[in-house]
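Asker: Mind looking over this structure? Questions follow.
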Amino acid sequence: MPLVGILTVSDRSSKGTRPDSSGPALENRLADAGLRVGKVFVVPDEKSEISRVLMEWTDHEKLDLILTTGGTGVSPRDVTPEATMDVITRIIPGMGEVMRAASLTKTPNAMLSRAIAGVRGNTLIINLPGSPRGAVENLEAVLPAIIHAIEKIQGDQSDCAQN
């Protein structure tokens, strides 16, 4: 069973002025999917802090999957995609595309999302929106491929063809 980390990126939640509701919403959805969460943390919208945690969780904690929530929009403080790009070695464009396409059926503002997904070491990292509903909806859009992606990232050489 993959070990998952949830990193909430929020200035207000990191200061304690607003409770983190996206992290717990993701944790509940992951539990429903049979995935276990091993790490949960909140950081401010600071590129260096986001990158530091992503590197720690991939290189030292050896998590299989990291979900970030928050910081994927177009506001000046939204730097999660840039922090993620700084640490990943390969981008998986299809995941971001699928999340935006699914979200566009609910809101035209989805086209403003800059969320990305990629690989660092043996870890899959996926950026999700900061709202609880948006985070869960975007997770659900890519959830069918997550286990397969992790298996491939970690060296599974079996055929990908589906019957």
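Chain labels run A, B, ... following the order of the structure tokens; each chain numbers its residues from 1, and ligands are numbered from 1 in the order shown.
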Identify, on the basis of only C-alpha atoms, every residue whose closest approach to stretch 142-150 of chain A does not exceed 8 Å; exclude the query and any residue fewer than 6 positions from it along the same chain; express the result as an MDAnalysis selection string.
Answerer: chainID A and resid 2 64:65 95 98:99 122:124
Asker: Please provide as a ChimeraX atom specification all residues within 7 Å of A:Ala135, with the sequence filter that same-chain residues fewer than 6 positions apart are discarded (counting only C-alpha atoms).
Answerer: /A:22,26,69,128-129
Asker: So that I can check the surroundings of A:Leu54, please list as a PyMOL selection string every protein, DNA and RNA residue that reaches within 10 Å of it, counting only C-alpha atoms and ignoring chain neighbours fewer than 3 positions away.
Answerer: chain A and resi 5+7+48-51+57-61+63+66-68+83-84+86-88+120+123+125
Asker: How many Å lie between atom CA of A:Ala102 and atom CA of A:Glu137, rounded to one decimal?
Answerer: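 For atom CA of A:Ala102 relative to atom CA of A:Glu137, the distance reads 8.0 Å.
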Asker: Quick one: everything within 8 Å of A:Ala115, counting only C-alpha atoms, minus sequence neighbours fewer than 5 positions away in the same chain. Send it as a list in words.
Answerer: Thr72, Gly73, Thr80, Pro81, Gly96, Ile126, Asn127, Leu128 and Pro129 of chain A
Asker: Return the single residue from A:Val74, A:Ile6, A:Cys160, A:Met111 that is closest to A:Glu27, with distances computed using only C-alpha atoms.
Answerer: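 Smallest separation from A:Glu27 among the options: A:Ile6.
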Asker: For A:Leu3, which residue among A:Ser113, A:Ser75, A:Asp20, A:Leu30 is the nearest when counting only C-alpha atoms?
Answerer: A:Leu30
Asker: Pick the closest to A:Asp11 from A:Ala33, A:Glu97, A:Asn109, A:Asp78: which is it, counting only C-alpha atoms?
Answerer: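 Distance minimum relative to A:Asp11 lands on A:Asp78.
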Asker: Considering only C-alpha atoms, state which residue in the set A:Ala25, A:Met85, A:Ala101, A:Ala117 is at the smallest distance from A:Gly130.
Answerer: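 Answer, going by the shortest atom-to-atom distance: A:Ala25.
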Asker: Report as a ChimeraX atom specification: the residues of chain A with a DSSP assignment of alpha helix (DSSP H), based on the backbone of this structure.
Answerer: /A:11-15,22-32,47-55,80-87,93-104,132-153
Asker: Between A:Ile153, A:Pro44, A:Arg133, A:Gly94, which one has atoms that come closest to A:Thr17, using only C-alpha atoms?
Answerer: A:Pro44
Asker: Would you please give, as number ranges by chain, all residues of stretch 1-161 of chain A that DSSP assigns to strand (DSSP E) based on the backbone?
Answerer: A: 3-9, 36-43, 65-69, 90-91, 117-120, 123-128
Asker: Ranking A:Lys47, A:Lys62, A:Arg52, A:Arg12 by minimum distance to A:Gly121 and counting only C-alpha atoms, which one comes first?
Answerer: A:Lys62
Asker: Rounded to one decimal place, report the atom CA of A:Glu56-atom CA of A:Lys39 distance in Å.
Answerer: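 Atom CA of A:Lys39 lies at a distance of 11.1 Å from atom CA of A:Glu56.
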